[in-house]
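Everything below belongs to data-v1.cif, which stores mmCIF, C-alpha atoms.
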```
data_entry
loop_
_atom_site.label_atom_id
_atom_site.label_comp_id
_atom_site.auth_asym_id
_atom_site.auth_seq_id
_atom_site.Cartn_x
_atom_site.Cartn_y
_atom_site.Cartn_z
CA MET A 1 58.60 -10.40 -5.08
CA GLN A 2 55.13 -11.06 -3.67
CA VAL A 3 52.27 -8.94 -4.97
CA LYS A 4 48.97 -8.81 -3.11
CA VAL A 5 45.97 -7.39 -4.94
CA ALA A 6 44.33 -4.67 -2.86
CA PRO A 7 40.67 -3.60 -3.05
CA SER A 8 39.93 -0.72 -5.39
CA SER A 9 37.63 2.18 -4.66
CA ALA A 10 35.08 1.05 -7.26
CA SER A 11 34.70 -2.54 -6.09
CA VAL A 12 36.07 -4.94 -3.50
CA LEU A 13 38.47 -7.29 -5.21
CA PRO A 14 39.37 -10.74 -3.90
CA GLN A 15 42.74 -11.00 -2.19
CA VAL A 16 45.08 -13.09 -4.33
CA MET A 17 48.76 -13.77 -3.71
CA VAL A 18 50.80 -13.48 -6.91
CA GLN A 19 54.51 -14.02 -7.42
CA GLN A 20 56.17 -11.85 -10.05
CA ARG A 21 58.92 -13.62 -11.98
CA PRO A 22 60.78 -12.87 -15.23
CA GLU A 23 58.36 -15.13 -17.15
CA GLY A 24 55.27 -13.35 -15.78
CA TYR A 25 52.84 -13.41 -12.87
CA VAL A 26 52.65 -16.81 -11.20
CA LEU A 27 49.73 -18.21 -9.21
CA SER A 28 50.38 -21.26 -7.04
CA ASP A 29 47.86 -23.81 -5.81
CA SER A 30 50.00 -24.77 -2.79
CA ILE A 31 48.29 -22.50 -0.23
CA ARG A 32 44.73 -23.55 -1.13
CA ARG A 33 45.36 -27.27 -1.15
CA GLY A 34 47.54 -27.08 1.97
CA CYS A 35 44.85 -25.24 3.97
CA GLU A 36 42.12 -27.52 2.64
CA THR A 37 44.02 -30.71 3.50
CA THR A 38 44.99 -29.45 6.96
CA PHE A 39 41.44 -28.41 7.83
CA ILE A 40 39.78 -31.67 6.76
CA THR A 41 42.51 -33.72 8.48
CA VAL A 42 42.10 -31.88 11.80
CA PHE A 43 38.31 -32.11 11.53
CA THR A 44 38.46 -35.86 10.81
CA VAL A 45 40.79 -36.57 13.73
CA GLY A 46 38.63 -34.50 16.09
CA TRP A 47 35.41 -36.15 14.87
CA ASN A 48 36.75 -39.68 15.36
CA LEU A 49 38.30 -38.90 18.75
CA ILE A 50 35.05 -37.45 20.08
CA ALA A 51 32.20 -39.07 18.16
CA CYS A 52 33.46 -42.66 18.01
CA PRO A 53 33.94 -43.26 21.79
CA ILE A 54 30.60 -41.62 22.57
CA SER A 55 28.88 -43.64 19.86
CA LEU A 56 30.37 -46.91 21.12
CA ALA A 57 29.31 -46.08 24.68
CA PHE A 58 25.72 -45.53 23.52
CA PHE A 59 25.76 -48.63 21.32
CA PHE A 60 26.88 -50.95 24.13
CA SER A 61 24.72 -49.33 26.81
CA PRO A 62 21.94 -51.42 28.40
CA PRO A 63 18.95 -51.67 26.05
CA SER A 64 16.08 -49.32 26.74
CA GLN A 65 12.49 -50.45 27.13
CA ASN A 66 11.37 -47.63 24.84
CA PRO A 67 11.58 -48.88 21.22
CA ILE A 68 12.32 -45.39 19.85
CA THR A 69 15.15 -44.84 22.32
CA LEU A 70 16.48 -48.32 21.61
CA LEU A 71 16.47 -47.59 17.87
CA LEU A 72 18.26 -44.27 18.31
CA THR A 73 20.93 -45.71 20.61
CA ARG A 74 21.69 -48.38 18.01
CA LEU A 75 21.20 -46.50 14.73
CA LEU A 76 22.82 -43.13 15.49
CA PRO A 77 26.15 -44.59 16.70
CA ILE A 78 26.40 -46.62 13.48
CA MET A 79 25.74 -43.46 11.43
CA PHE A 80 28.33 -41.39 13.33
CA ILE A 81 31.00 -44.10 13.11
CA GLY A 82 30.21 -44.62 9.43
CA LEU A 83 30.63 -40.90 8.78
CA GLY A 84 33.96 -41.01 10.59
CA MET A 85 35.14 -43.86 8.35
CA LEU A 86 34.08 -41.94 5.23
CA LEU A 87 36.06 -38.93 6.44
CA VAL A 88 39.11 -41.14 6.96
CA VAL A 89 38.84 -42.42 3.37
CA TYR A 90 38.44 -38.85 2.06
CA VAL A 91 41.49 -37.64 4.01
CA ALA A 92 43.55 -40.61 2.80
CA ARG A 93 42.60 -39.69 -0.77
CA LYS A 94 43.62 -36.05 -0.21
CA LEU A 95 46.94 -37.02 1.35
CA LEU A 96 47.63 -39.40 -1.53
CA ILE A 97 47.11 -36.59 -4.06
CA VAL A 98 49.32 -34.18 -2.07
CA SER A 99 52.09 -36.76 -1.80
CA ALA A 100 51.89 -37.79 -5.47
CA PHE A 101 51.71 -34.33 -7.07
CA GLU A 102 53.74 -31.21 -6.44
CA ALA A 103 52.01 -27.85 -6.23
CA ALA A 104 50.67 -26.60 -9.58
CA GLU A 105 51.44 -23.18 -11.04
CA LEU A 106 49.69 -20.94 -13.55
CA THR A 107 51.63 -18.16 -15.27
CA LEU A 108 50.02 -15.09 -16.85
CA PRO A 109 51.76 -12.33 -18.86
CA SER A 110 49.69 -9.56 -17.20
CA TRP A 111 47.87 -9.05 -13.92
CA PRO A 112 45.07 -8.40 -13.10
CA LEU A 113 42.79 -9.14 -16.07
CA ARG A 114 40.00 -7.01 -17.58
CA LEU A 115 36.65 -7.73 -19.16
CA GLY A 116 37.04 -8.68 -22.83
CA GLU A 117 40.77 -9.27 -22.45
CA ARG A 118 42.37 -12.24 -24.19
CA THR A 119 45.56 -13.67 -22.74
CA ASN A 120 47.63 -16.83 -22.72
CA VAL A 121 48.06 -18.84 -19.55
CA THR A 122 50.68 -21.51 -18.94
CA PHE A 123 50.07 -24.39 -16.54
CA ARG A 124 52.85 -26.45 -14.96
CA GLN A 125 52.71 -29.35 -12.54
CA ARG A 126 55.02 -32.23 -11.74
CA SER A 127 54.10 -35.68 -10.50
CA ARG A 128 56.42 -37.42 -8.06
CA TRP A 129 55.46 -40.92 -9.17
CA ALA A 130 52.00 -40.93 -10.81
CA ALA A 131 51.90 -41.21 -14.62
CA ILE A 132 49.63 -38.47 -15.99
CA THR A 133 47.56 -39.57 -18.99
CA THR A 134 45.04 -36.75 -19.54
CA ILE A 135 44.86 -33.06 -18.74
CA GLU A 136 41.58 -31.11 -18.79
CA ALA A 137 40.94 -27.45 -18.04
CA SER A 138 38.15 -24.89 -18.00
CA LEU A 139 37.59 -21.20 -17.34
CA GLN A 140 34.76 -20.68 -14.85
CA CYS A 141 32.78 -17.80 -13.41
CA ALA A 142 30.97 -18.69 -10.19
CA GLU A 143 28.68 -16.82 -7.82
CA VAL A 144 29.13 -17.58 -4.14
CA VAL A 145 26.31 -16.53 -1.83
CA THR A 146 26.39 -16.76 1.98
CA TYR A 147 23.16 -16.42 3.93
CA ARG A 148 21.73 -17.26 7.33
CA VAL A 149 18.84 -19.56 8.12
CA GLY A 150 18.07 -19.15 11.80
CA THR A 151 21.37 -19.71 13.57
CA ASP A 152 22.94 -21.60 10.64
CA THR A 153 25.18 -20.00 8.03
CA ARG A 154 24.99 -21.55 4.58
CA THR A 155 27.14 -20.98 1.51
CA VAL A 156 25.98 -21.82 -2.01
CA ARG A 157 28.34 -21.81 -4.97
CA GLU A 158 26.94 -21.88 -8.51
CA VAL A 159 28.93 -21.86 -11.74
CA VAL A 160 27.13 -19.29 -13.91
CA TRP A 161 29.47 -19.47 -16.92
CA GLU A 162 32.04 -22.01 -18.05
CA GLN A 163 34.23 -22.51 -21.09
CA ALA A 164 36.10 -25.75 -21.65
CA LEU A 165 39.72 -25.35 -22.71
CA ALA A 166 41.57 -27.74 -24.99
CA SER A 167 42.28 -31.08 -23.36
CA SER A 168 45.33 -33.27 -24.05
CA ASP A 169 45.80 -37.03 -24.00
CA LEU A 170 49.27 -38.05 -22.90
CA THR A 171 49.35 -41.59 -24.26
CA ASN A 172 52.74 -42.54 -22.85
CA GLY A 173 52.10 -41.06 -19.42
CA GLN A 174 54.21 -38.17 -18.19
CA LYS A 175 55.59 -37.11 -14.85
CA GLN A 176 55.76 -33.41 -15.74
CA VAL A 177 53.03 -31.47 -17.53
CA GLU A 178 53.15 -28.08 -19.21
CA ALA A 179 50.14 -26.78 -21.13
CA GLN A 180 49.19 -23.41 -22.57
CA TRP A 181 45.71 -22.08 -23.29
CA SER A 182 44.29 -18.87 -24.66
CA ILE A 183 41.47 -17.52 -22.48
CA GLN A 184 39.18 -14.52 -22.88
CA ILE A 185 36.98 -12.95 -20.23
CA PRO A 186 33.59 -12.14 -21.85
CA ARG A 187 32.86 -8.43 -22.06
CA ASP A 188 29.28 -8.82 -20.82
CA MET A 189 30.07 -10.82 -17.65
CA GLN A 190 30.52 -9.46 -14.14
CA PRO A 191 34.00 -8.62 -12.88
CA SER A 192 35.52 -10.05 -9.73
CA PHE A 193 34.31 -8.85 -6.37
CA ALA A 194 34.23 -10.17 -2.83
CA THR A 195 31.96 -9.11 0.02
CA MET A 196 30.75 -10.74 3.21
CA ARG A 197 27.63 -12.16 1.55
CA ASN A 198 28.23 -12.30 -2.20
CA ASN A 199 31.28 -13.12 -4.32
CA ILE A 200 31.94 -13.34 -8.04
CA GLU A 201 34.89 -15.64 -8.67
CA TRP A 202 36.82 -16.29 -11.87
CA ASN A 203 38.84 -19.51 -11.83
CA VAL A 204 40.97 -21.58 -14.12
CA VAL A 205 40.32 -25.19 -13.10
CA VAL A 206 42.73 -27.93 -14.21
CA LYS A 207 42.34 -31.69 -13.72
CA LEU A 208 45.07 -34.28 -14.18
CA HIS A 209 44.00 -37.88 -14.71
CA SER A 210 46.18 -40.81 -13.70
CA PRO A 211 45.07 -44.45 -14.00
CA ARG A 212 46.21 -45.54 -10.52
CA PHE A 213 45.68 -42.34 -8.54
CA PRO A 214 42.73 -40.05 -7.76
CA ASP A 215 42.41 -37.10 -10.11
CA ALA A 216 44.44 -34.07 -9.07
CA GLU A 217 42.46 -30.82 -9.38
CA SER A 218 43.94 -27.34 -9.18
CA GLN A 219 42.02 -24.07 -8.98
CA PHE A 220 43.55 -20.68 -9.70
CA LEU A 221 41.57 -17.62 -8.63
CA LEU A 222 41.83 -14.76 -11.12
CA VAL A 223 41.14 -11.09 -10.54
CA VAL A 224 39.06 -9.41 -13.26
CA LEU A 225 38.79 -5.63 -13.07
CA PRO A 226 35.56 -3.77 -13.95
CA GLU A 227 37.26 -2.32 -17.03
CA VAL A 228 36.37 -3.28 -20.59
CA VAL A 229 39.07 -3.78 -23.21
CA ASP A 230 38.19 -2.10 -26.51
#
```
Could you express the structure from this file as structure tokens?
Amino acid sequence: MQVKVAPSSASVLPQVMVQQRPEGYVLSDSIRRGCETTFITVFTVGWNLIACPISLAFFFSPPSQNPITLLLTRLLPIMFIGLGMLLVVYVARKLLIVSAFEAAELTLPSWPLRLGERTNVTFRQRSRWAAITTIEASLQCAEVVTYRVGTDTRTVREVVWEQALASSDLTNGQKQVEAQWSIQIPRDMQPSFATMRNNIEWNVVVKLHSPRFPDAESQFLLVVLPEVVD
């Protein structure tokens, strides 16, 4: 059964998709990483299809007598093509992570959480062929602010509170990881909320290290109600 958190009358809560199972409430990282990979892949293909031919046409155009124009027609194409190559490398890295690691899951016994509440969370992820040697995790509270400067829209994300969770060294390398941590939302911190311009996000962030693959990072968005546990 799929459970979608709806906004309350007191505050606007972030929309989080949760799956209720016999073992608890399960968050999956598959939607976030799928959307992220698809977006950057489409953007990279579009950039290289449009920017690279135009850049090459400018680069091989007849030289201008104006030194500034000559510099721009030679320097800017190199910058645009270089950016396209960097995007290709970044996409290749993302696709390698997606192909090497299955979607991660985080299970909680109760949902949503409240200020001051302590609970246990269980993380599970399986590698298709990468040997996992280290797992690291943290509980983060971040403020996300969106504002306009002229016609540009900018978004700034700042982690305002973070607590490192116990890390584990898997000396033999494992293909399947399961870890459990005890987390507590501080009583004096802000609860979750989401508006057009300002968000408070609570996340459990998990990183898996593998010697021959890029690190796989998973983020699980939590919902923290504006209620304080006694």
Margin query: Here's a test: counting only C-alpha atoms, identify every protein, DNA and RNA residue with an atom at most 8 Å from (33.9, -13.8, -5.6) in the file's coordinate frame, and state them as JSON, numbers by chain.
Written below: {"A": [13, 14, 142, 143, 144, 192, 193, 194, 195, 198, 199, 200, 201, 202]}
If you keep C-alpha atoms, can you produce a file of those selected residues as a short mmCIF file (atom, residue, chain, number, x, y, z; two decimals), in the frame of the given file?
```cif
data_model
loop_
_atom_site.label_atom_id
_atom_site.label_comp_id
_atom_site.auth_asym_id
_atom_site.auth_seq_id
_atom_site.Cartn_x
_atom_site.Cartn_y
_atom_site.Cartn_z
CA LEU A 13 38.47 -7.29 -5.21
CA PRO A 14 39.37 -10.74 -3.90
CA ALA A 142 30.97 -18.69 -10.19
CA GLU A 143 28.68 -16.82 -7.82
CA VAL A 144 29.13 -17.58 -4.14
CA SER A 192 35.52 -10.05 -9.73
CA PHE A 193 34.31 -8.85 -6.37
CA ALA A 194 34.23 -10.17 -2.83
CA THR A 195 31.96 -9.11 0.02
CA ASN A 198 28.23 -12.30 -2.20
CA ASN A 199 31.28 -13.12 -4.32
CA ILE A 200 31.94 -13.34 -8.04
CA GLU A 201 34.89 -15.64 -8.67
CA TRP A 202 36.82 -16.29 -11.87
#
```
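Between atom CA of Gln184 of chain A and atom CA of Val12 of chain A the separation is 21.8 Å.
Between atom CA of Glu227 of chain A and atom CA of Gln20 of chain A lies a distance of 22.3 Å.
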Next item on the list: Pick out the residues sitting within 10 Å of Asn203 of chain A, and hand them over as a list of chain:residue names; count only C-alpha atoms, and ignore anything fewer than 5 positions along from it in its own chain.
Entry: A:Ser138, A:Leu139, A:Gln140, A:Cys141, A:Ala142, A:Glu162, A:Ser218, A:Gln219, A:Phe220, A:Leu221, A:Leu222, A:Val223
Next, the residues of the selection above should be written as an mmCIF file, keeping the file's coordinate frame with C-alpha atoms.
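Final output, again.cif:
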```
data_model
loop_
_atom_site.group_PDB
_atom_site.id
_atom_site.type_symbol
_atom_site.label_atom_id
_atom_site.label_comp_id
_atom_site.auth_asym_id
_atom_site.auth_seq_id
_atom_site.Cartn_x
_atom_site.Cartn_y
_atom_site.Cartn_z
ATOM 1 C CA SER A 138 38.150 -24.890 -18.000
ATOM 2 C CA LEU A 139 37.590 -21.200 -17.340
ATOM 3 C CA GLN A 140 34.760 -20.680 -14.850
ATOM 4 C CA CYS A 141 32.780 -17.800 -13.410
ATOM 5 C CA ALA A 142 30.970 -18.690 -10.190
ATOM 6 C CA GLU A 162 32.040 -22.010 -18.050
ATOM 7 C CA SER A 218 43.940 -27.340 -9.180
ATOM 8 C CA GLN A 219 42.020 -24.070 -8.980
ATOM 9 C CA PHE A 220 43.550 -20.680 -9.700
ATOM 10 C CA LEU A 221 41.570 -17.620 -8.630
ATOM 11 C CA LEU A 222 41.830 -14.760 -11.120
ATOM 12 C CA VAL A 223 41.140 -11.090 -10.540
#
```
Note to self: Using all atoms listed in the file for the distances, tell me which of A:Gly150, A:Pro186, A:Pro109, A:Pro191 is nearest to Arg21 of chain A.
What the structure shows: A:Pro109
Item checked: Output of the PyMOL selection byres ((chain A and resi 55) around 10), listed as a list in words -> Asn48, Ile50, Ala51, Cys52, Pro53, Ile54, Leu56, Ala57, Phe58, Phe59, Phe60, Ser61, Thr73, Arg74, Leu75, Leu76, Pro77, Ile78, Met79, Phe80 and Ile81 of chain A
Note to self: As an exercise, work out the distance from atom CA of Val45 of chain A to atom CA of Met85 of chain A in Å and give it to one decimal place.
What the structure shows: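 Between atom CA of Val45 of chain A and atom CA of Met85 of chain A the gap works out to 10.7 Å.
Here the PyMOL selection byres ((chain A and resi 117) around 6) matches the residues Arg114, Leu115, Gly116, Arg118, Gln184, Ile185 and Val229 of chain A.
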Next item on the list: Run the PyMOL selection byres ((chain A and resi 205-212) around 10) on the file and write out the hits as a VMD selection string.
Entry: chain A and resid 101 104 106 123 125 127 130 to 140 164 to 165 167 to 170 173 to 174 177 202 to 204 213 to 221
Item checked: Residues near Thr44 of chain A, cut-off 8 Å, only C-alpha atoms, skip fewer than 5 positions along chain, as a list of chain:residue names ->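 With the cut-off at 8 Å, the set is A:Gly84, A:Leu87, A:Val88, A:Val91.
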Nearby residues (only C-alpha atoms) at most 12 Å from Arg154 of chain A, same-chain spacing under 6 positions excluded, as a PDB file with C-alpha atoms, keeping the file's coordinate frame:
```
ATOM      1  CA  VAL A 144      29.130 -17.580  -4.140  1.00  0.00           C
ATOM      2  CA  VAL A 145      26.310 -16.530  -1.830  1.00  0.00           C
ATOM      3  CA  THR A 146      26.390 -16.760   1.980  1.00  0.00           C
ATOM      4  CA  TYR A 147      23.160 -16.420   3.930  1.00  0.00           C
ATOM      5  CA  ARG A 148      21.730 -17.260   7.330  1.00  0.00           C
ATOM      6  CA  ARG A 197      27.630 -12.160   1.550  1.00  0.00           C
ATOM      7  CA  ASN A 198      28.230 -12.300  -2.200  1.00  0.00           C
TER       8      ASN A 198
END
```
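The closest residue to Gln176 of chain A, picked from A:Asp152, A:Glu158, A:Asp188, A:Glu102 and counting all atoms listed in the file, is A:Glu102.
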Check: So, counting only C-alpha atoms, which residue among A:Leu86, A:Leu71, A:Met17, A:Leu27 is closest to Trp47 of chain A?
Finding: A:Leu86
Output, as lines of an AutoDock Vina configuration file, the centre and edge lengths in Å (one decimal) of the axis-aligned box that contains all listed atoms of segment 136-154 of chain A with 4 Å of margin on each side.
```
center_x = 29.8
center_y = -23.8
center_z = -2.6
size_x = 31.5
size_y = 22.7
size_z = 40.4
```
Margin query: Taking (57.9, -14.4, -8.1) in the coordinates of the supplied file, I want to know which residues reach to within 12 Å of it, counting only C-alpha atoms; could you give the answer as a PyMOL selection string?
Written below: chain A and resi 1-4+17-28+105-108
Restricted to C-alpha atoms, what would the selected residues look like written as a JSON list (two decimals), in the frame of the given file?
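Written out: again-v3.json:
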```
[["chain", "number", "residue", "atom", "x", "y", "z"],
["A", 1, "MET", "CA", 58.60, -10.40, -5.08],
["A", 2, "GLN", "CA", 55.13, -11.06, -3.67],
["A", 3, "VAL", "CA", 52.27, -8.94, -4.97],
["A", 4, "LYS", "CA", 48.97, -8.81, -3.11],
["A", 17, "MET", "CA", 48.76, -13.77, -3.71],
["A", 18, "VAL", "CA", 50.80, -13.48, -6.91],
["A", 19, "GLN", "CA", 54.51, -14.02, -7.42],
["A", 20, "GLN", "CA", 56.17, -11.85, -10.05],
["A", 21, "ARG", "CA", 58.92, -13.62, -11.98],
["A", 22, "PRO", "CA", 60.78, -12.87, -15.23],
["A", 23, "GLU", "CA", 58.36, -15.13, -17.15],
["A", 24, "GLY", "CA", 55.27, -13.35, -15.78],
["A", 25, "TYR", "CA", 52.84, -13.41, -12.87],
["A", 26, "VAL", "CA", 52.65, -16.81, -11.20],
["A", 27, "LEU", "CA", 49.73, -18.21, -9.21],
["A", 28, "SER", "CA", 50.38, -21.26, -7.04],
["A", 105, "GLU", "CA", 51.44, -23.18, -11.04],
["A", 106, "LEU", "CA", 49.69, -20.94, -13.55],
["A", 107, "THR", "CA", 51.63, -18.16, -15.27],
["A", 108, "LEU", "CA", 50.02, -15.09, -16.85]]
```
